[in-house]
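S.K.: Structure incoming, see below.
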Amino acid sequence: MSSVAIELTNLHCHYQVYAHRNDSIAGLVSRGFKARTNVAVHAIQGIDLSVSEGEVLGVIGHNGAGKSTLLRAMSGSITPTQGSVLVNSQPQQIGVNWALNRELSGRRNIGLGLLGLGFSPTEVADLEEQIVEFADIGDFIELPLKAYSTGMRQRLGFAIATASAPRILLMDEALAVGDKQFRARSMERVAELRQSAGTVIMASHSMPSITKACDRVLWLQDGKVRLLGDPKEVTEAYAADADSKRNTIKEIKRGKV
Amino acid sequence: MAAELTETGTSSNLFPPGAATSARFYARRIWGLRHFIAATARGRLTARNQGMILGSVWLLLEPFLFVMVYYVIFEIILGVGAIENFFLFLTVGRLVFASHQSAVLGAAQSLSDNPALVRDTSMPKAVLPIGSTIGTFYQWGLDLIIMLLVAMATGVFPRLSWLLIAPLSLGILALNMGIGLLLSPMVAVYGDLKRALPVVFRLTFYTTGIMFPLEAYIEDLEHANLVWVAVMANPIYGFVKAMQWAVFGYDLGKPGLAIAVSIGWMFLLFPLGFFLFARRERRVGAFRYKVGG
């Protein structure tokens, strides 16, 4: 049995969201300036999970099920409200290359992205060409990022995040964009990472890529684990659930329910 | 069981992700990102003037033109001669104060202006206010060039006290960072401060005496007066006076106290701001953010 890479114990994540009511001056005065109502969103409600080294875990669920929050808690960008997250290495999340500056060229952004991952300027110089090659976006690499298509940005982000061979990689819909060829190469890269005892967590709506790449799949519903296990079984159960919901809606429309 | 492991930190190679750690480790993580902070700050500076004909020339042109406005108004039109070398007095004061103001306001809003970054990054979030102040510090380096050119144009030539400009600049940087680290989490929670802070700066602009030699007015008031206390307690006042003295030997009257107060603020606010910021980040839900704007 390989050792544990990520350990979630009774994980809860809540956000405070401000819901604004009547913001007129009269409204504010009459309510004693209590215009903001805090609404707590319970995005994750008690998850226990242990992910092994070298495992690829898929996370599926409807929009708002808590997939992105789960990944953010794993990367440590949000602190759990309750319970704990423990990791054996700082996870890297693809697509949150917030260091990327839209006004600067792709090449300069590679430097920023790598420095942000903690690389020294000399290491950056070594890795740069490799990333340019993997991203494979041609002459666009010298143009400012704002000229890029969504797919190009995603390619560059993926290339930067995986260049460092992270021990834990978090992918939130990272493969959704990008053409078929790049998707295939990304999957290869994921397989490589897994070979070198890397752990990959991928949240996706694409069932084929989930079943193909993952060892286990986690189905999230309303911030809780609905089902966890074999990719084929879980995705089939998920699809069946979606189908039954769709049928119910059809029946409502027909006036049967 | 896992919760116990976090407390003891032994018997396992597992640890909490992100920056939820002690202030010392927090500082070490930021130090590890120093190249990143510097590169982002430089990137932001170059990006700001991209797509313009003069491009990065604006970085020098902007402070120069501001100083020229003062020259036209006060030297040519009004011909104010309250003190010797009034034009240089204005130039130094205005550049130091403007840099201080933009550094503090930029850092204070660095969290609230970037909710998505605050939410998504697993870097220490202090990277945002610190990076913002560093960016202003790069601009300050260019402001200094303009300042010293103006000094030489008005007949003040390099002197030994110019050597003090560098340590004074670093002192102002540390002060700005401290205030920024203290304010940014507050601004993120209480957006109202965004409107209030510029007003506070307008007030301190006058109590720093940028447009007139304040010293002449407060000299007679001395310790008993609240105005005198308000001027002396202003953290940037001493730095402005010290810079004016270093550049052209401005007579401060009683320089020691104001400068000591400024340096005192710096040594108090920088560690305090950093420590509180690091502690806050460890707390649950400390950085609340709005969803959907």
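We name chains A, B, ... following the order of the structure tokens; residues begin at 1 in each chain, and ligands are numbered from 1 as shown.
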Find the residues in chain A near chain B: any atom within 7 Å counts, using only C-alpha atoms. Write them as a VMD selection string.
M.R.: chain A and resid 9 16 to 18 72 74 to 81 84 to 88 90 96 98 103 to 104 112 115 to 116 118
S.K.: Compile the contact shell of Val69 (chain B) as a PyMOL selection string: residues with an atom at most 12 Å away, counting only C-alpha atoms, same-chain residues fewer than 6 positions apart removed.
M.R.: chain B and resi 62-63+75-77+87+90-91+94
S.K.: Could you save those same residues with C-alpha atoms as a PDB file, in the first residue's frame?
M.R.:
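Ended up saving to again_34.pdb:
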ATOM      1  CA  GLU B  62       5.132  61.901 -15.328  1.00  0.00           C
ATOM      2  CA  PRO B  63       6.998  63.042 -12.175  1.00  0.00           C
ATOM      3  CA  GLU B  75       8.087  80.380  -9.502  1.00  0.00           C
ATOM      4  CA  ILE B  76       6.835  82.058 -12.650  1.00  0.00           C
ATOM      5  CA  ILE B  77       3.270  83.137 -11.873  1.00  0.00           C
ATOM      6  CA  PHE B  87      10.823  75.291  -5.674  1.00  0.00           C
ATOM      7  CA  LEU B  90       8.093  71.701  -3.109  1.00  0.00           C
ATOM      8  CA  THR B  91       9.655  69.195  -5.476  1.00  0.00           C
ATOM      9  CA  ARG B  94       5.608  66.538  -3.300  1.00  0.00           C
TER      10      ARG B  94
END
S.K.: Could you check how far CA of Leu228 (chain A) sits from CA of Val59 (chain A), in Å to one decimal?
M.R.: 9.3 Å
S.K.: Given the choices B:Val104, B:Phe137, B:Asn176, B:Pro129, which gets closest to Val200 (chain B) if the distance is worked out from only C-alpha atoms?
M.R.: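 Among the listed residues, B:Val104 lies closest to Val200 (chain B).
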S.K.: If we count only C-alpha atoms, what is near Lys232 (chain A) at a cut-off of 9 Å, once residues fewer than 4 positions away on the same chain are taken out, given as a list in words?
M.R.: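 Contacts, with the query itself left out: Thr211, Arg216, Val217, Glu236 and Ala237 of chain A.
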S.K.: Would you write out those residues with C-alpha atoms, as a short mmCIF file (atom, residue, chain, number, x, y, z; two decimals), in the first residue's frame?
M.R.:
data_model
loop_
_atom_site.label_atom_id
_atom_site.label_comp_id
_atom_site.auth_asym_id
_atom_site.auth_seq_id
_atom_site.Cartn_x
_atom_site.Cartn_y
_atom_site.Cartn_z
CA THR A 211 -13.11 7.22 -16.93
CA ARG A 216 -11.15 6.34 -8.56
CA VAL A 217 -13.95 8.83 -8.99
CA GLU A 236 -22.61 5.43 -14.88
CA ALA A 237 -24.52 6.07 -11.67
#
S.K.: So that I can see what lies close to Leu257 (chain B), please list as JSON, numbers by chain the residues with an atom at most 10 Å from it, counting only C-alpha atoms and leaving out residues fewer than 5 positions away in the same chain.
M.R.: {"B": [232, 238, 262, 263]}
S.K.: Would you mind writing down, as number ranges by chain, each residue of region 109-219 of chain B that DSSP on the backbone assigns to helix (DSSP H, G or I)?
M.R.: B: 115-120, 127-153, 160-189, 193-207, 214-218
S.K.: Give me, as a short mmCIF file (atom, residue, chain, number, x, y, z; two decimals) with C-alpha atoms, in the first residue's frame, all polymer residues having an atom no more than 12 Å from region 196-201 of chain A, counting only C-alpha atoms and skipping those fewer than 4 positions away in the same chain.
M.R.:
data_model
loop_
_atom_site.label_atom_id
_atom_site.label_comp_id
_atom_site.auth_asym_id
_atom_site.auth_seq_id
_atom_site.Cartn_x
_atom_site.Cartn_y
_atom_site.Cartn_z
CA SER A 2 1.50 3.28 -1.04
CA SER A 3 1.60 6.19 1.36
CA VAL A 4 -0.98 8.93 1.71
CA ALA A 5 -0.66 12.10 -0.36
CA ILE A 6 -3.82 13.95 0.69
CA SER A 50 -7.63 9.75 1.67
CA VAL A 51 -5.76 9.88 -1.63
CA SER A 52 -2.64 7.77 -2.16
CA GLU A 53 0.57 8.72 -3.87
CA GLY A 54 0.43 7.98 -7.57
CA GLU A 55 -3.35 7.94 -7.66
CA VAL A 56 -5.48 9.83 -10.16
CA LEU A 57 -8.78 10.86 -8.59
CA GLY A 58 -11.62 12.25 -10.64
CA VAL A 59 -14.15 14.62 -9.09
CA ILE A 60 -17.55 14.93 -10.72
CA LYS A 67 -15.76 20.67 -6.79
CA SER A 68 -13.82 23.92 -7.07
CA LEU A 70 -12.71 21.11 -2.63
CA LEU A 71 -9.71 21.78 -4.88
CA ARG A 72 -9.12 25.19 -3.30
CA MET A 74 -6.61 21.04 -1.05
CA SER A 75 -4.27 23.74 -2.40
CA VAL A 87 -0.80 16.97 2.18
CA ASN A 88 2.63 15.46 1.61
CA SER A 89 3.67 18.25 -0.78
CA GLN A 90 2.30 21.67 -1.73
CA PRO A 91 -0.31 20.96 -4.44
CA GLN A 92 -0.25 22.92 -7.65
CA GLN A 93 -3.46 24.00 -9.24
CA ILE A 94 -3.65 24.48 -12.97
CA THR A 162 3.36 20.72 -15.09
CA SER A 164 7.95 21.49 -12.41
CA ALA A 165 6.68 17.88 -12.11
CA PRO A 166 4.57 18.66 -9.02
CA ARG A 167 3.91 15.79 -6.61
CA ILE A 168 0.28 16.84 -6.34
CA LEU A 169 -1.48 18.35 -9.33
CA LEU A 170 -4.98 19.81 -9.13
CA MET A 171 -6.86 20.25 -12.39
CA ASP A 172 -10.16 22.11 -12.42
CA GLU A 173 -11.63 21.58 -15.88
CA ALA A 174 -8.11 22.00 -17.20
CA MET A 187 -3.25 13.17 -20.82
CA ARG A 189 1.72 14.32 -19.25
CA VAL A 190 -0.74 13.35 -16.51
CA ALA A 191 0.23 9.71 -16.98
CA GLU A 192 3.92 10.65 -16.70
CA ILE A 210 -12.50 10.92 -16.35
CA ALA A 213 -7.57 8.67 -16.74
CA CYS A 214 -8.75 8.02 -13.20
CA ASP A 215 -8.22 5.24 -10.69
CA ARG A 216 -11.15 6.34 -8.56
CA VAL A 217 -13.95 8.83 -8.99
CA LEU A 218 -15.61 10.98 -6.36
#
S.K.: Produce a table with one row for each residue of region 8-77 of chain B that has an atom at most 10 Å from any atom of region 143-166 of chain B, each row naming the nearest atom pair and its distance in Å at one decimal; use only C-alpha atoms; arrange rows by chain and rising residue number; format as JSON lines.
M.R.:
{"residue": "B:Leu59", "atom": "CA", "partner": "B:Asp143", "partner_atom": "CA", "distance": 8.4}
{"residue": "B:Leu60", "atom": "CA", "partner": "B:Asp143", "partner_atom": "CA", "distance": 6.9}
{"residue": "B:Leu61", "atom": "CA", "partner": "B:Ile146", "partner_atom": "CA", "distance": 8.8}
{"residue": "B:Glu62", "atom": "CA", "partner": "B:Asp143", "partner_atom": "CA", "distance": 9.0}
{"residue": "B:Pro63", "atom": "CA", "partner": "B:Asp143", "partner_atom": "CA", "distance": 6.1}
{"residue": "B:Phe64", "atom": "CA", "partner": "B:Ile146", "partner_atom": "CA", "distance": 6.1}
{"residue": "B:Leu65", "atom": "CA", "partner": "B:Ile146", "partner_atom": "CA", "distance": 9.9}
{"residue": "B:Val67", "atom": "CA", "partner": "B:Val150", "partner_atom": "CA", "distance": 8.7}
{"residue": "B:Met68", "atom": "CA", "partner": "B:Val150", "partner_atom": "CA", "distance": 9.7}
S.K.: Tell me which protein, DNA and RNA residues are within 12 Å of Glu129 (chain A), counting only C-alpha atoms, leaving out same-chain ones fewer than 4 positions away, and put them as a list in words.
M.R.: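 Neighbouring residues, sequence-local ones excluded: Gly106, Arg107, Arg108, Ile110, Gly111, Glu123, Val124, Ala125, Glu133, Phe134, Ala135, Asp136, Ile141, Ala159, Ile160 and Ala163 of chain A.
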S.K.: Please dump the current selection as a PDB file, in the first residue's frame; keep N, CA and C atoms.
M.R.:
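Output file result_7.pdb follows:
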ATOM      1  N   GLY A 106       3.745  36.164 -23.701  1.00  0.00           N
ATOM      2  CA  GLY A 106       3.660  34.812 -23.166  1.00  0.00           C
ATOM      3  C   GLY A 106       4.984  34.377 -22.558  1.00  0.00           C
ATOM      4  N   ARG A 107       6.067  34.732 -23.235  1.00  0.00           N
ATOM      5  CA  ARG A 107       7.388  34.328 -22.755  1.00  0.00           C
ATOM      6  C   ARG A 107       7.685  34.946 -21.386  1.00  0.00           C
ATOM      7  N   ARG A 108       7.340  36.216 -21.254  1.00  0.00           N
ATOM      8  CA  ARG A 108       7.607  36.871 -19.973  1.00  0.00           C
ATOM      9  C   ARG A 108       6.702  36.310 -18.874  1.00  0.00           C
ATOM     10  N   ILE A 110       5.781  33.210 -18.726  1.00  0.00           N
ATOM     11  CA  ILE A 110       6.346  31.927 -18.297  1.00  0.00           C
ATOM     12  C   ILE A 110       7.294  32.180 -17.135  1.00  0.00           C
ATOM     13  N   GLY A 111       8.126  33.229 -17.286  1.00  0.00           N
ATOM     14  CA  GLY A 111       9.059  33.591 -16.222  1.00  0.00           C
ATOM     15  C   GLY A 111       8.323  33.907 -14.935  1.00  0.00           C
ATOM     16  N   GLU A 123      16.958  28.746 -12.864  1.00  0.00           N
ATOM     17  CA  GLU A 123      16.126  27.589 -13.210  1.00  0.00           C
ATOM     18  C   GLU A 123      15.077  27.977 -14.245  1.00  0.00           C
ATOM     19  N   VAL A 124      14.578  29.199 -14.120  1.00  0.00           N
ATOM     20  CA  VAL A 124      13.577  29.689 -15.068  1.00  0.00           C
ATOM     21  C   VAL A 124      14.148  29.679 -16.486  1.00  0.00           C
ATOM     22  N   ALA A 125      15.386  30.158 -16.620  1.00  0.00           N
ATOM     23  CA  ALA A 125      16.025  30.196 -17.935  1.00  0.00           C
ATOM     24  C   ALA A 125      16.136  28.792 -18.527  1.00  0.00           C
ATOM     25  N   GLU A 133       7.969  24.936 -25.907  1.00  0.00           N
ATOM     26  CA  GLU A 133       7.792  23.810 -26.815  1.00  0.00           C
ATOM     27  C   GLU A 133       6.505  23.040 -26.513  1.00  0.00           C
ATOM     28  N   PHE A 134       6.270  22.800 -25.211  1.00  0.00           N
ATOM     29  CA  PHE A 134       5.090  22.017 -24.843  1.00  0.00           C
ATOM     30  C   PHE A 134       3.801  22.781 -25.145  1.00  0.00           C
ATOM     31  N   ALA A 135       3.804  24.081 -24.836  1.00  0.00           N
ATOM     32  CA  ALA A 135       2.604  24.879 -25.068  1.00  0.00           C
ATOM     33  C   ALA A 135       2.287  24.939 -26.561  1.00  0.00           C
ATOM     34  N   ASP A 136       3.360  24.996 -27.390  1.00  0.00           N
ATOM     35  CA  ASP A 136       3.213  24.903 -28.837  1.00  0.00           C
ATOM     36  C   ASP A 136       2.191  25.884 -29.402  1.00  0.00           C
ATOM     37  N   ILE A 141       3.831  33.282 -28.696  1.00  0.00           N
ATOM     38  CA  ILE A 141       4.576  33.312 -27.447  1.00  0.00           C
ATOM     39  C   ILE A 141       5.219  34.682 -27.208  1.00  0.00           C
ATOM     40  N   ALA A 159       1.197  24.044 -19.368  1.00  0.00           N
ATOM     41  CA  ALA A 159       2.628  23.801 -19.598  1.00  0.00           C
ATOM     42  C   ALA A 159       3.456  24.311 -18.418  1.00  0.00           C
ATOM     43  N   ILE A 160       3.098  25.492 -17.910  1.00  0.00           N
ATOM     44  CA  ILE A 160       3.852  26.055 -16.784  1.00  0.00           C
ATOM     45  C   ILE A 160       3.670  25.206 -15.534  1.00  0.00           C
ATOM     46  N   ALA A 163       5.473  21.755 -15.720  1.00  0.00           N
ATOM     47  CA  ALA A 163       6.902  21.733 -16.019  1.00  0.00           C
ATOM     48  C   ALA A 163       7.726  21.362 -14.794  1.00  0.00           C
TER      49      ALA A 163
END
S.K.: Of the candidates A:Phe158, A:Arg31, A:Asn101, A:Ala73, which shows the shortest atom-to-atom distance to Leu143 (chain A), using only C-alpha atoms?
M.R.: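 With only C-alpha atoms as the atom set, the closest residue is A:Asn101.
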S.K.: From a backbone DSSP assignment, name each residue in region 44-97 of chain A labelled strand (DSSP E), as a PyMOL selection string.
M.R.: chain A and resi 44-52+56-60+82-87+92-94
S.K.: Any chance you could export the current selection's N, CA and C atoms as a PDB file, in the first residue's frame?
M.R.:
ATOM      1  N   ILE A  44     -18.740  22.880   1.261  1.00  0.00           N
ATOM      2  CA  ILE A  44     -18.304  21.515   1.578  1.00  0.00           C
ATOM      3  C   ILE A  44     -18.829  21.176   2.965  1.00  0.00           C
ATOM      4  N   GLN A  45     -19.512  20.051   3.056  1.00  0.00           N
ATOM      5  CA  GLN A  45     -20.162  19.728   4.325  1.00  0.00           C
ATOM      6  C   GLN A  45     -19.763  18.353   4.844  1.00  0.00           C
ATOM      7  N   GLY A  46     -18.523  18.274   5.300  1.00  0.00           N
ATOM      8  CA  GLY A  46     -18.101  17.034   5.951  1.00  0.00           C
ATOM      9  C   GLY A  46     -17.622  15.983   4.989  1.00  0.00           C
ATOM     10  N   ILE A  47     -16.376  16.109   4.551  1.00  0.00           N
ATOM     11  CA  ILE A  47     -15.827  15.102   3.641  1.00  0.00           C
ATOM     12  C   ILE A  47     -14.617  14.449   4.275  1.00  0.00           C
ATOM     13  N   ASP A  48     -14.615  13.125   4.298  1.00  0.00           N
ATOM     14  CA  ASP A  48     -13.439  12.364   4.711  1.00  0.00           C
ATOM     15  C   ASP A  48     -12.912  11.662   3.481  1.00  0.00           C
ATOM     16  N   LEU A  49     -11.613  11.834   3.238  1.00  0.00           N
ATOM     17  CA  LEU A  49     -11.064  11.258   2.010  1.00  0.00           C
ATOM     18  C   LEU A  49      -9.568  11.081   2.175  1.00  0.00           C
ATOM     19  N   SER A  50      -9.064   9.966   1.636  1.00  0.00           N
ATOM     20  CA  SER A  50      -7.634   9.746   1.670  1.00  0.00           C
ATOM     21  C   SER A  50      -7.182   9.383   0.261  1.00  0.00           C
ATOM     22  N   VAL A  51      -6.248  10.137  -0.273  1.00  0.00           N
ATOM     23  CA  VAL A  51      -5.759   9.883  -1.628  1.00  0.00           C
ATOM     24  C   VAL A  51      -4.310   9.420  -1.546  1.00  0.00           C
ATOM     25  N   SER A  52      -3.994   8.330  -2.239  1.00  0.00           N
ATOM     26  CA  SER A  52      -2.637   7.771  -2.159  1.00  0.00           C
ATOM     27  C   SER A  52      -1.709   8.429  -3.157  1.00  0.00           C
ATOM     28  N   VAL A  56      -4.773   8.778  -9.433  1.00  0.00           N
ATOM     29  CA  VAL A  56      -5.484   9.831 -10.157  1.00  0.00           C
ATOM     30  C   VAL A  56      -6.948   9.759  -9.736  1.00  0.00           C
ATOM     31  N   LEU A  57      -7.413  10.824  -9.089  1.00  0.00           N
ATOM     32  CA  LEU A  57      -8.776  10.856  -8.585  1.00  0.00           C
ATOM     33  C   LEU A  57      -9.601  11.836  -9.402  1.00  0.00           C
ATOM     34  N   GLY A  58     -10.719  11.361  -9.901  1.00  0.00           N
ATOM     35  CA  GLY A  58     -11.619  12.252 -10.637  1.00  0.00           C
ATOM     36  C   GLY A  58     -12.681  12.788  -9.699  1.00  0.00           C
ATOM     37  N   VAL A  59     -13.073  14.040  -9.903  1.00  0.00           N
ATOM     38  CA  VAL A  59     -14.147  14.616  -9.092  1.00  0.00           C
ATOM     39  C   VAL A  59     -15.239  15.079 -10.042  1.00  0.00           C
ATOM     40  N   ILE A  60     -16.437  14.527  -9.869  1.00  0.00           N
ATOM     41  CA  ILE A  60     -17.551  14.934 -10.724  1.00  0.00           C
ATOM     42  C   ILE A  60     -18.691  15.455  -9.866  1.00  0.00           C
ATOM     43  N   GLN A  82     -13.940  23.896   9.267  1.00  0.00           N
ATOM     44  CA  GLN A  82     -13.893  22.841  10.273  1.00  0.00           C
ATOM     45  C   GLN A  82     -13.167  21.664   9.642  1.00  0.00           C
ATOM     46  N   GLY A  83     -12.574  20.824  10.466  1.00  0.00           N
ATOM     47  CA  GLY A  83     -11.855  19.675   9.941  1.00  0.00           C
ATOM     48  C   GLY A  83     -10.491  20.064   9.444  1.00  0.00           C
ATOM     49  N   SER A  84      -9.825  19.147   8.745  1.00  0.00           N
ATOM     50  CA  SER A  84      -8.457  19.478   8.326  1.00  0.00           C
ATOM     51  C   SER A  84      -8.107  18.920   6.959  1.00  0.00           C
ATOM     52  N   VAL A  85      -7.131  19.560   6.331  1.00  0.00           N
ATOM     53  CA  VAL A  85      -6.535  19.089   5.085  1.00  0.00           C
ATOM     54  C   VAL A  85      -5.065  18.878   5.364  1.00  0.00           C
ATOM     55  N   LEU A  86      -4.543  17.709   5.021  1.00  0.00           N
ATOM     56  CA  LEU A  86      -3.105  17.476   5.153  1.00  0.00           C
ATOM     57  C   LEU A  86      -2.580  16.939   3.836  1.00  0.00           C
ATOM     58  N   VAL A  87      -1.389  17.392   3.456  1.00  0.00           N
ATOM     59  CA  VAL A  87      -0.804  16.968   2.182  1.00  0.00           C
ATOM     60  C   VAL A  87       0.655  16.581   2.402  1.00  0.00           C
ATOM     61  N   GLN A  92      -0.253  21.851  -6.664  1.00  0.00           N
ATOM     62  CA  GLN A  92      -0.254  22.925  -7.650  1.00  0.00           C
ATOM     63  C   GLN A  92      -1.528  22.867  -8.454  1.00  0.00           C
ATOM     64  N   GLN A  93      -2.192  23.985  -8.529  1.00  0.00           N
ATOM     65  CA  GLN A  93      -3.463  23.997  -9.243  1.00  0.00           C
ATOM     66  C   GLN A  93      -3.304  24.647 -10.602  1.00  0.00           C
ATOM     67  N   ILE A  94      -3.705  23.938 -11.620  1.00  0.00           N
ATOM     68  CA  ILE A  94      -3.647  24.485 -12.974  1.00  0.00           C
ATOM     69  C   ILE A  94      -4.795  25.453 -13.165  1.00  0.00           C
TER      70      ILE A  94
END
S.K.: Excluding region 131-133 of chain B and residues on its chain fewer than 2 positions from it, collect all residues at most 6 Å away from it, counting only C-alpha atoms, and give them as a list of chain:residue names.
M.R.: B:Ile37, B:Ala103, B:Ala107, B:Val127, B:Leu128, B:Pro129, B:Gly135, B:Thr136
S.K.: I need the chosen residues saved as a CSV table (one decimal), in the first residue's frame, with N, CA and C atoms.
M.R.:
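Listing of result.csv after writing:
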chain,number,residue,atom,x,y,z
B,37,ILE,N,8.2,38.4,-6.7
B,37,ILE,CA,7.6,39.7,-6.3
B,37,ILE,C,8.3,40.8,-7.1
B,103,ALA,N,1.9,54.4,-2.7
B,103,ALA,CA,2.3,53.1,-2.1
B,103,ALA,C,1.3,52.6,-1.1
B,107,ALA,N,-1.3,49.4,-1.8
B,107,ALA,CA,-1.1,48.2,-1.0
B,107,ALA,C,-2.4,48.0,-0.2
B,127,VAL,N,2.0,38.6,-0.2
B,127,VAL,CA,2.7,38.9,-1.4
B,127,VAL,C,2.0,40.0,-2.2
B,128,LEU,N,0.7,40.1,-2.0
B,128,LEU,CA,0.0,41.2,-2.8
B,128,LEU,C,0.3,42.6,-2.2
B,129,PRO,N,0.1,42.9,-1.0
B,129,PRO,CA,0.4,44.3,-0.5
B,129,PRO,C,1.9,44.5,-0.6
B,135,GLY,N,6.4,47.7,-6.2
B,135,GLY,CA,6.2,48.3,-7.5
B,135,GLY,C,6.3,49.8,-7.4
B,136,THR,N,5.7,50.4,-6.4
B,136,THR,CA,5.8,51.9,-6.2
B,136,THR,C,7.3,52.3,-5.9
